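Chemist: Can you keep this structure in mind? I'll have questions shortly.
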Amino acid sequence: MIKKNLNSQSNTEITVASPMIQTIRKQFDNLALMTERLLNWMFSLAYWLPWTLLLGMLPGVILWQLIYVTPEMDLFKNQLESQPFSAIYAAVSAAVYVSICFFGYRRVKQRGDVHFKTFCQKINRFSAILLIIPIYLFLRAHPFASESPFIAILLCTIAGVIGVSVAYGLPGTGALLAPREQTRRYLPILVVAALSAVWAFAIIQMELTHHESLGTCDWDLGLYMNSMWNSLRGDLLDCSLNSQGNHGYLHFDPILIPLSGVLLIHPGAESLIALQGIWVASGTIPLYLLATRYGKNEWLGVAMAVVYLLHPAIHGPAMYDFHSLMLAGPLLLWCMHFLEAGAIGRYFIFLSLLLITREDMSGIAMFMGLYAFVSKKPRMVAFATILIAALYAIIVYVTVIYHGHSYSGYFEEMQGGHRSVIANIALSFTANPLFMLKYLLAERKVIYILQLVAPLLFLPVFATRHRILFVCGLTLTLLGSKNCLSSISMQYSTWWLPFMLASVPAAIDIIIKSRLAGYFGLDASRLRGALIVGLLLSAFTMSVGYGAFWPNPSFRAGYTKLVRDPDFHQLKRMETVEKIKAMIPPDASVMASSHLVPHFAMRKWIWSVDRSGYRVSKPDYAILWKKDLRSKKEHKVKSRKKNLKFLYDKSLYKRILKENDISVYKRIDND
């Protein structure tokens, strides 16, 4: 009886407690549901709101930079007086941007069920292109690109990636650049020709201004001027500026002989400057044809031509005096075009022109033969290319180069006990591999390689068959000791930059057909267009930081900073130079300081006070610029002391002019 009562009491308590447990459980379930919704809302908010606010602030920040920040300010010191205003501009801009998103969403919502988050995400995706404007402004800032090259290269790459992302989201991106049947369209090639002409005109004008401001030098504009002037008169490649008397012992480039005819049009250094600018600009034509054939779209060729004209490694060398190596770039592109097109006869014609451009082109041509072999071109073409290039290299080396210019100076840090450069390099690899690792991966070399591939959005890395074409240039760059071999301002990028440009269409084709693109379900046509847009943006931003068309402290025409706007003293000095040119007879022998040599090189005998090895008796005239004589480099001081010792004899020479820091001395017994 007692047990029965206890059971009854227990059941009553459970019955009373059950609603309470259920209520508590229900409250916990509601709390868990609210927490889950809050977390989802927070995660969703975090996915689009920060980007919305960031992109909203960008127009205000950009406006603030345009108003208060100038290229002369040093942004690295963070001492801008107008910093508080940037926060105000950013806040107002963000508020306006969010308001535009909200009102735009209300209008779109009337047409269908669209979430505010989805709408903002779409707006953010297209507004991301605004991020490129601060990158452009940063690259203009003094001295951003030169002092922080890794950051500058990273920003340029980010600009390209942003361009790819934004362009891929646009529905019509792939239509313009999609492969299609070839038609006889003249508009694209006319666009390329017009752009090339404008580019050449601008480059020539800038270099002429630089030349007139005494920015060019004895080596190399004076050297080539004297060689071509003598060739025009039957003394093939004779050059008094070379201690051995002939330019062929320095570089064997017989293509200069027929090209010396340009001096008949205008007898002056201006002819060589114009020749180089036009010749380099013509490289867009073979690149256009190559890209058009590969991508089966003319506008892809136009885009590649624009990238060529924007690349900073084309600007600096094209405005650095005159060099036969710069003539090789367009010829390499013509060879690649005819090789890919199967026009074997025209390929060998341009290969012959390439070989006589400079002696080192024979090594480049051998790698072209290897490329022809691995890319399954006719074996006869591959073997013939290698054989012709090898025979030409042997003949030139044995007959000319061996007795003249030595390449050992380019690898001076690896000099050992052997005369052979190759033997010294091999011994350095085996005897001191740690040194070689540090030597090969020097910071300046890594920066140089990145500066070459960053404007191309690193696309040449994906061109598998073209990589063999990069081997020669990469090897010479990594093994070279001289800083000029790893500078985008110098002509040595011609060793492999044309091949990088030629590989871009192939790299794009490989990427859109890759497994990775298929795994993510990327549309091939839209991806092709997006990559081209990213490529153009990357080339543009790199050109802003390192190119010639946007004034920046990083650009160099060879070794020197480009003179864009001559000041009063420079203009007066040029007037003095023209006066001296009228005074001196064309058949008189002249000794001149280095920056004056190009202005007086069109004569049989011209010498530079900064070069040694001459057998000079006594020149008829000595023309000296005070600034040139201030150089404290040891080899120049020694050469100057030896070459100018005759001036101390006042019975032989008298000064006939001193004006604007330029002095002219005349030999008295010529009176």
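Residue numbering restarts at 1 for every chain of the structure tokens, chains are lettered A, B, ... in their displayed order, and ligands are numbered from 1 as they appear.
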For segment 91-94 of chain A, list every protein, DNA or RNA residue within 12 Å, evaluated using only C-alpha atoms, and leave out those in the same chain fewer than 2 positions away; present the list as a list of chain:residue names.
Modeler: A:Leu49, A:Pro50, A:Trp51, A:Thr52, A:Leu53, A:Leu54, A:Leu55, A:Gly56, A:Met57, A:Leu58, A:Pro59, A:Gly60, A:Val61, A:Ile62, A:Leu63, A:Trp64, A:Pro84, A:Phe85, A:Ser86, A:Ala87, A:Ile88, A:Tyr89, A:Val96, A:Tyr97, A:Val98, A:Ser99, A:Ile100, A:Cys101
Chemist: Which residues come within 9 Å of Pro619 of chain A, counting only C-alpha atoms, excluding same-chain residues fewer than 5 positions away, as a list of chain:residue names?
Modeler: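 So, after excluding close chain neighbours, the residues are A:Ala588, A:Ser589, A:Val590, A:Met591, A:Trp605, A:Ile606, A:Trp607, A:Lys666, A:Arg667.
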Chemist: Got a sec: who's within 8 Å of Cys472 of chain A, counting only C-alpha atoms, leaving out chain neighbours fewer than 2 positions off, as a ChimeraX atom specification?
Modeler: /A:363-364,367,469-470,474-476,495-496
Chemist: Counting only C-alpha atoms, figure out which residue out of A:Val637, A:Leu259, A:Ala548, A:Leu290 gets nearest to Ile204 of chain A.
Modeler: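 Using only C-alpha atoms, the shortest distance to Ile204 of chain A belongs to A:Ala548.
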Chemist: Find the distance between atom CA of Gly529 of chain A and atom CA of Ala281 of chain A and write it in Å to one decimal.
Modeler: 25.0 Å
Chemist: Just the residues within 7 Å of segment 622-627 of chain A, please, counting only C-alpha atoms, with nothing from its chain fewer than 5 positions along; format it as a PyMOL selection string.
Modeler: chain A and resi 590-593+661-666
Chemist: Would you mind telling me which residue in A:Val108, A:Ala167, A:Met414, A:Leu33 lies nearest to Leu427 of chain A when using only C-alpha atoms?
Modeler: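 Among A:Val108, A:Ala167, A:Met414, A:Leu33, it is A:Met414 that comes nearest to Leu427 of chain A.
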Chemist: Choose the residue, out of A:Ile449, A:Leu131, A:Leu256, A:Ile468, that has the smallest atom-to-atom separation from Val374 of chain A; count only C-alpha atoms.
Modeler: A:Ile468
Chemist: Would you kindly return, as an MDAnalysis selection string, each protein, DNA or RNA residue with an atom no farther than 8 Å from any atom of Met326 of chain A, considering only C-alpha atoms and excluding same-chain residues fewer than 4 positions away?
Modeler: chainID A and resid 276 280 317:318 322 491 494
Chemist: Dump as a tab-separated table the rows for residues of segment 437-496 of chain A within 12 Å of segment 143-159 of chain A: closest atom pair and distance in Å with one decimal, only C-alpha atoms counted, ordered by chain and rising residue number.
Modeler:
```
residue	atom	partner	partner_atom	distance
A:Glu443	CA	A:Phe150	CA	10.1
A:Arg444	CA	A:Pro149	CA	9.8
A:Lys445	CA	A:Pro149	CA	12.0
A:Val446	CA	A:Phe150	CA	9.6
A:Ile447	CA	A:Pro149	CA	7.0
A:Tyr448	CA	A:Pro149	CA	9.5
A:Ile449	CA	A:Ile153	CA	10.8
A:Leu450	CA	A:Ile153	CA	7.2
A:Gln451	CA	A:Ile153	CA	6.9
A:Leu452	CA	A:Ile153	CA	10.0
A:Val453	CA	A:Ile153	CA	9.6
A:Ala454	CA	A:Thr157	CA	6.3
A:Pro455	CA	A:Cys156	CA	7.5
A:Leu456	CA	A:Thr157	CA	9.1
A:Leu457	CA	A:Thr157	CA	6.3
A:Phe458	CA	A:Thr157	CA	8.5
A:Leu459	CA	A:Thr157	CA	11.2
```
Chemist: Filtering to all heavy atoms, could you give me those residues as a CSV table (one decimal), in the first residue's frame?
Modeler:
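selection31.csv, freshly written:
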```
chain,number,residue,atom,x,y,z
A,443,GLU,N,69.7,39.9,-55.5
A,443,GLU,CA,68.5,40.6,-55.5
A,443,GLU,C,68.2,41.4,-56.8
A,443,GLU,O,67.1,41.4,-57.3
A,443,GLU,CB,68.4,41.6,-54.3
A,443,GLU,CG,67.1,42.3,-54.1
A,443,GLU,CD,67.1,43.2,-52.9
A,443,GLU,OE1,68.0,43.1,-52.1
A,443,GLU,OE2,66.2,44.1,-52.8
A,444,ARG,N,69.2,42.1,-57.3
A,444,ARG,CA,69.0,42.8,-58.5
A,444,ARG,C,68.6,42.0,-59.7
A,444,ARG,O,67.8,42.4,-60.6
A,444,ARG,CB,70.3,43.6,-58.9
A,444,ARG,CG,71.5,42.8,-59.1
A,444,ARG,CD,72.7,43.7,-59.4
A,444,ARG,NE,73.9,42.9,-59.5
A,444,ARG,CZ,74.3,42.2,-60.6
A,444,ARG,NH1,73.6,42.3,-61.7
A,444,ARG,NH2,75.4,41.5,-60.7
A,445,LYS,N,69.1,40.7,-59.7
A,445,LYS,CA,68.7,39.8,-60.8
A,445,LYS,C,67.3,39.3,-60.7
A,445,LYS,O,66.6,39.2,-61.7
A,445,LYS,CB,69.7,38.6,-60.9
A,445,LYS,CG,71.1,39.0,-61.1
A,445,LYS,CD,72.1,37.9,-61.1
A,445,LYS,CE,73.5,38.3,-61.3
A,445,LYS,NZ,74.5,37.2,-61.3
A,446,VAL,N,66.9,39.0,-59.5
A,446,VAL,CA,65.5,38.6,-59.2
A,446,VAL,C,64.5,39.7,-59.6
A,446,VAL,O,63.5,39.5,-60.2
A,446,VAL,CB,65.3,38.2,-57.8
A,446,VAL,CG1,63.9,37.8,-57.5
A,446,VAL,CG2,66.2,37.0,-57.5
A,447,ILE,N,64.9,40.9,-59.1
A,447,ILE,CA,64.0,42.1,-59.5
A,447,ILE,C,63.9,42.3,-61.0
A,447,ILE,O,62.8,42.5,-61.5
A,447,ILE,CB,64.6,43.4,-58.8
A,447,ILE,CG1,64.4,43.3,-57.3
A,447,ILE,CG2,63.8,44.6,-59.3
A,447,ILE,CD1,65.1,44.4,-56.5
A,448,TYR,N,65.0,42.2,-61.7
A,448,TYR,CA,65.0,42.3,-63.1
A,448,TYR,C,64.1,41.3,-63.8
A,448,TYR,O,63.4,41.7,-64.7
A,448,TYR,CB,66.5,42.2,-63.6
A,448,TYR,CG,66.6,42.1,-65.1
A,448,TYR,CD1,66.3,43.1,-65.9
A,448,TYR,CD2,67.2,40.9,-65.6
A,448,TYR,CE1,66.5,43.0,-67.3
A,448,TYR,CE2,67.3,40.8,-67.0
A,448,TYR,CZ,67.0,41.8,-67.8
A,448,TYR,OH,67.2,41.7,-69.2
A,449,ILE,N,64.2,40.1,-63.4
A,449,ILE,CA,63.4,39.0,-64.0
A,449,ILE,C,61.9,39.3,-63.8
A,449,ILE,O,61.1,39.2,-64.6
A,449,ILE,CB,63.8,37.6,-63.5
A,449,ILE,CG1,65.2,37.3,-64.0
A,449,ILE,CG2,62.9,36.6,-64.0
A,449,ILE,CD1,65.8,36.1,-63.4
A,450,LEU,N,61.6,39.7,-62.5
A,450,LEU,CA,60.2,40.0,-62.2
A,450,LEU,C,59.7,41.2,-63.0
A,450,LEU,O,58.6,41.3,-63.4
A,450,LEU,CB,60.1,40.3,-60.7
A,450,LEU,CG,60.3,39.1,-59.8
A,450,LEU,CD1,60.2,39.5,-58.3
A,450,LEU,CD2,59.3,38.0,-60.0
A,451,GLN,N,60.6,42.2,-63.2
A,451,GLN,CA,60.2,43.4,-64.0
A,451,GLN,C,59.9,43.0,-65.4
A,451,GLN,O,59.2,43.7,-66.1
A,451,GLN,CB,61.3,44.5,-63.9
A,451,GLN,CG,61.3,45.1,-62.5
A,451,GLN,CD,62.5,46.1,-62.4
A,451,GLN,OE1,63.5,45.9,-63.1
A,451,GLN,NE2,62.4,47.1,-61.5
A,452,LEU,N,60.5,42.0,-65.9
A,452,LEU,CA,60.3,41.5,-67.3
A,452,LEU,C,59.0,40.8,-67.4
A,452,LEU,O,58.2,41.0,-68.4
A,452,LEU,CB,61.4,40.6,-67.8
A,452,LEU,CG,62.8,41.3,-68.1
A,452,LEU,CD1,63.8,40.2,-68.5
A,452,LEU,CD2,62.7,42.4,-69.1
A,453,VAL,N,58.7,39.9,-66.5
A,453,VAL,CA,57.5,39.1,-66.6
A,453,VAL,C,56.2,39.7,-66.0
A,453,VAL,O,55.1,39.3,-66.4
A,453,VAL,CB,57.7,37.7,-66.0
A,453,VAL,CG1,58.8,36.9,-66.8
A,453,VAL,CG2,58.1,37.7,-64.5
A,454,ALA,N,56.4,40.6,-65.0
A,454,ALA,CA,55.2,41.2,-64.4
A,454,ALA,C,54.3,41.9,-65.3
A,454,ALA,O,53.1,41.8,-65.3
A,454,ALA,CB,55.6,42.1,-63.2
A,455,PRO,N,54.8,42.7,-66.3
A,455,PRO,CA,53.9,43.4,-67.2
A,455,PRO,C,53.2,42.4,-68.1
A,455,PRO,O,52.2,42.8,-68.7
A,455,PRO,CB,54.9,44.3,-68.1
A,455,PRO,CG,56.1,44.4,-67.2
A,455,PRO,CD,56.2,43.2,-66.4
A,456,LEU,N,53.7,41.2,-68.2
A,456,LEU,CA,53.0,40.1,-69.0
A,456,LEU,C,52.2,39.2,-68.1
A,456,LEU,O,51.8,38.1,-68.6
A,456,LEU,CB,54.1,39.3,-69.7
A,456,LEU,CG,55.0,40.1,-70.6
A,456,LEU,CD1,56.1,39.2,-71.3
A,456,LEU,CD2,54.3,40.9,-71.7
A,457,LEU,N,51.9,39.6,-66.9
A,457,LEU,CA,51.1,38.9,-65.9
A,457,LEU,C,51.6,37.5,-65.7
A,457,LEU,O,50.9,36.6,-65.4
A,457,LEU,CB,49.6,38.9,-66.4
A,457,LEU,CG,48.5,38.6,-65.4
A,457,LEU,CD1,48.6,39.8,-64.3
A,457,LEU,CD2,47.2,38.6,-66.0
A,458,PHE,N,52.9,37.3,-65.8
A,458,PHE,CA,53.6,36.1,-65.6
A,458,PHE,C,53.1,34.9,-66.5
A,458,PHE,O,53.4,33.8,-66.2
A,458,PHE,CB,53.4,35.6,-64.1
A,458,PHE,CG,54.1,36.5,-63.1
A,458,PHE,CD1,53.4,37.6,-62.6
A,458,PHE,CD2,55.4,36.3,-62.7
A,458,PHE,CE1,54.1,38.5,-61.7
A,458,PHE,CE2,56.0,37.2,-61.8
A,458,PHE,CZ,55.4,38.2,-61.3
A,459,LEU,N,52.5,35.3,-67.6
A,459,LEU,CA,51.9,34.3,-68.5
A,459,LEU,C,53.0,33.5,-69.2
A,459,LEU,O,52.8,32.3,-69.5
A,459,LEU,CB,51.0,35.0,-69.5
A,459,LEU,CG,49.7,35.6,-69.0
A,459,LEU,CD1,49.0,36.3,-70.1
A,459,LEU,CD2,48.9,34.5,-68.4
```
Chemist: Using only C-alpha atoms, which of A:Tyr653, A:Phe383, A:Trp299, A:Tyr347 sits nearest Asp669 of chain A?
Modeler: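 Ranked by minimum distance to Asp669 of chain A, first place goes to A:Tyr653.
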Chemist: So that I can see what lies close to Val396 of chain A, please list as a ChimeraX atom specification the residues with an atom at most 12 Å from it, counting only C-alpha atoms and leaving out residues fewer than 2 positions away in the same chain.
Modeler: /A:248-254,355-356,358-362,389-394,398-405
Chemist: Find the spatial neighbours of Leu354 of chain A, counting only C-alpha atoms, within a cut-off of 10 Å - ignore same-chain residues fewer than 6 positions away - and output them as a short mmCIF file (atom, residue, chain, number, x, y, z; two decimals) with all heavy atoms, in the first residue's frame.
Modeler:
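To be explicit, this is the file written out as result.cif:
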```cif
data_model
loop_
_atom_site.label_atom_id
_atom_site.label_comp_id
_atom_site.auth_asym_id
_atom_site.auth_seq_id
_atom_site.Cartn_x
_atom_site.Cartn_y
_atom_site.Cartn_z
N ASP A 253 78.71 43.44 -86.23
CA ASP A 253 77.35 43.71 -86.65
C ASP A 253 77.36 44.32 -88.05
O ASP A 253 77.14 45.53 -88.21
CB ASP A 253 76.62 44.62 -85.66
CG ASP A 253 77.57 45.62 -85.01
OD1 ASP A 253 78.64 45.88 -85.58
OD2 ASP A 253 77.23 46.14 -83.93
N ILE A 255 75.30 44.39 -90.29
CA ILE A 255 74.05 45.00 -90.74
C ILE A 255 74.16 46.52 -90.73
O ILE A 255 73.39 47.22 -91.42
CB ILE A 255 72.87 44.53 -89.85
CG1 ILE A 255 71.54 44.81 -90.56
CG2 ILE A 255 72.92 45.18 -88.48
CD1 ILE A 255 70.34 44.24 -89.83
N LEU A 325 72.06 45.78 -80.92
CA LEU A 325 71.28 44.74 -80.27
C LEU A 325 69.80 45.06 -80.27
O LEU A 325 68.95 44.16 -80.33
CB LEU A 325 71.79 44.54 -78.83
CG LEU A 325 71.19 43.37 -78.05
CD1 LEU A 325 71.38 42.06 -78.79
CD2 LEU A 325 71.80 43.28 -76.65
N LEU A 327 68.20 46.32 -82.66
CA LEU A 327 67.67 45.96 -83.96
C LEU A 327 67.26 44.50 -84.03
O LEU A 327 66.49 44.10 -84.90
CB LEU A 327 68.72 46.25 -85.06
CG LEU A 327 69.31 47.66 -85.09
CD1 LEU A 327 70.36 47.75 -86.19
CD2 LEU A 327 68.22 48.69 -85.30
N ALA A 328 67.78 43.69 -83.10
CA ALA A 328 67.51 42.25 -83.13
C ALA A 328 66.11 41.90 -82.65
O ALA A 328 65.57 40.87 -83.05
CB ALA A 328 68.55 41.51 -82.28
N GLY A 329 65.51 42.74 -81.78
CA GLY A 329 64.21 42.41 -81.22
C GLY A 329 63.13 42.17 -82.26
O GLY A 329 62.52 41.10 -82.31
N PRO A 330 62.85 43.14 -83.16
CA PRO A 330 61.86 42.91 -84.20
C PRO A 330 62.22 41.75 -85.13
O PRO A 330 61.33 41.02 -85.59
CB PRO A 330 61.83 44.24 -84.96
CG PRO A 330 62.27 45.25 -83.95
CD PRO A 330 63.29 44.55 -83.11
N LEU A 331 63.52 41.56 -85.41
CA LEU A 331 63.92 40.45 -86.27
C LEU A 331 63.63 39.10 -85.61
O LEU A 331 63.22 38.14 -86.29
CB LEU A 331 65.41 40.56 -86.60
CG LEU A 331 65.83 41.76 -87.46
CD1 LEU A 331 67.33 41.81 -87.63
CD2 LEU A 331 65.14 41.71 -88.81
N LEU A 332 63.82 39.01 -84.31
CA LEU A 332 63.46 37.78 -83.59
C LEU A 332 61.96 37.50 -83.70
O LEU A 332 61.55 36.35 -83.88
CB LEU A 332 63.87 37.90 -82.12
CG LEU A 332 65.37 37.75 -81.80
CD1 LEU A 332 65.65 38.16 -80.37
CD2 LEU A 332 65.82 36.32 -82.05
N TRP A 334 59.96 38.51 -86.12
CA TRP A 334 59.68 38.10 -87.50
C TRP A 334 60.06 36.63 -87.70
O TRP A 334 59.33 35.87 -88.35
CB TRP A 334 60.45 38.97 -88.49
CG TRP A 334 59.79 40.27 -88.80
CD1 TRP A 334 60.24 41.52 -88.50
CD2 TRP A 334 58.55 40.46 -89.49
NE1 TRP A 334 59.36 42.48 -88.93
CE2 TRP A 334 58.31 41.86 -89.56
CE3 TRP A 334 57.61 39.59 -90.05
CZ2 TRP A 334 57.18 42.40 -90.17
CZ3 TRP A 334 56.48 40.13 -90.66
CH2 TRP A 334 56.27 41.51 -90.72
N CYS A 335 61.19 36.21 -87.16
CA CYS A 335 61.60 34.80 -87.26
C CYS A 335 60.57 33.89 -86.60
O CYS A 335 60.20 32.84 -87.17
CB CYS A 335 62.97 34.60 -86.61
SG CYS A 335 64.35 35.29 -87.55
N PHE A 348 64.24 31.83 -93.10
CA PHE A 348 65.70 31.80 -93.23
C PHE A 348 66.25 33.14 -93.70
O PHE A 348 67.40 33.49 -93.38
CB PHE A 348 66.12 30.67 -94.16
CG PHE A 348 66.15 29.32 -93.49
CD1 PHE A 348 65.19 28.37 -93.78
CD2 PHE A 348 67.12 29.02 -92.55
CE1 PHE A 348 65.21 27.13 -93.16
CE2 PHE A 348 67.15 27.78 -91.92
CZ PHE A 348 66.19 26.84 -92.21
N ASP A 360 76.32 37.76 -80.91
CA ASP A 360 75.68 36.91 -79.91
C ASP A 360 74.33 36.38 -80.36
O ASP A 360 73.76 35.51 -79.70
CB ASP A 360 75.52 37.66 -78.57
CG ASP A 360 74.94 39.05 -78.75
OD1 ASP A 360 74.70 39.45 -79.90
OD2 ASP A 360 74.74 39.73 -77.74
N MET A 361 73.81 36.86 -81.49
CA MET A 361 72.54 36.34 -82.00
C MET A 361 72.67 34.91 -82.51
O MET A 361 71.67 34.20 -82.65
CB MET A 361 72.02 37.23 -83.13
CG MET A 361 71.48 38.56 -82.66
SD MET A 361 70.07 38.39 -81.53
CE MET A 361 70.85 38.80 -79.96
N SER A 362 73.89 34.46 -82.77
CA SER A 362 74.07 33.07 -83.19
C SER A 362 73.68 32.11 -82.06
O SER A 362 73.08 31.06 -82.31
CB SER A 362 75.52 32.83 -83.61
OG SER A 362 76.42 33.20 -82.56
N ILE A 364 71.47 32.79 -79.67
CA ILE A 364 70.01 32.87 -79.58
C ILE A 364 69.37 32.01 -80.67
O ILE A 364 68.39 31.31 -80.44
CB ILE A 364 69.56 34.34 -79.72
CG1 ILE A 364 70.23 35.22 -78.67
CG2 ILE A 364 68.04 34.44 -79.64
CD1 ILE A 364 69.80 35.00 -77.27
N ALA A 365 69.95 32.06 -81.89
CA ALA A 365 69.39 31.30 -83.01
C ALA A 365 69.46 29.80 -82.77
O ALA A 365 68.58 29.05 -83.21
CB ALA A 365 70.13 31.67 -84.30
#
```
Chemist: Mind checking DSSP for segment 551-620 of chain A and telling me the alpha helix (DSSP H) residues as a VMD selection string?
Modeler: chain A and resid 568 to 583
Chemist: Looking at only C-alpha atoms, which of A:Gly345, A:Gly215, A:Gly473, A:Gly301 is the one that sits closest to Pro566 of chain A?
Modeler: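 Closest candidate: A:Gly215.
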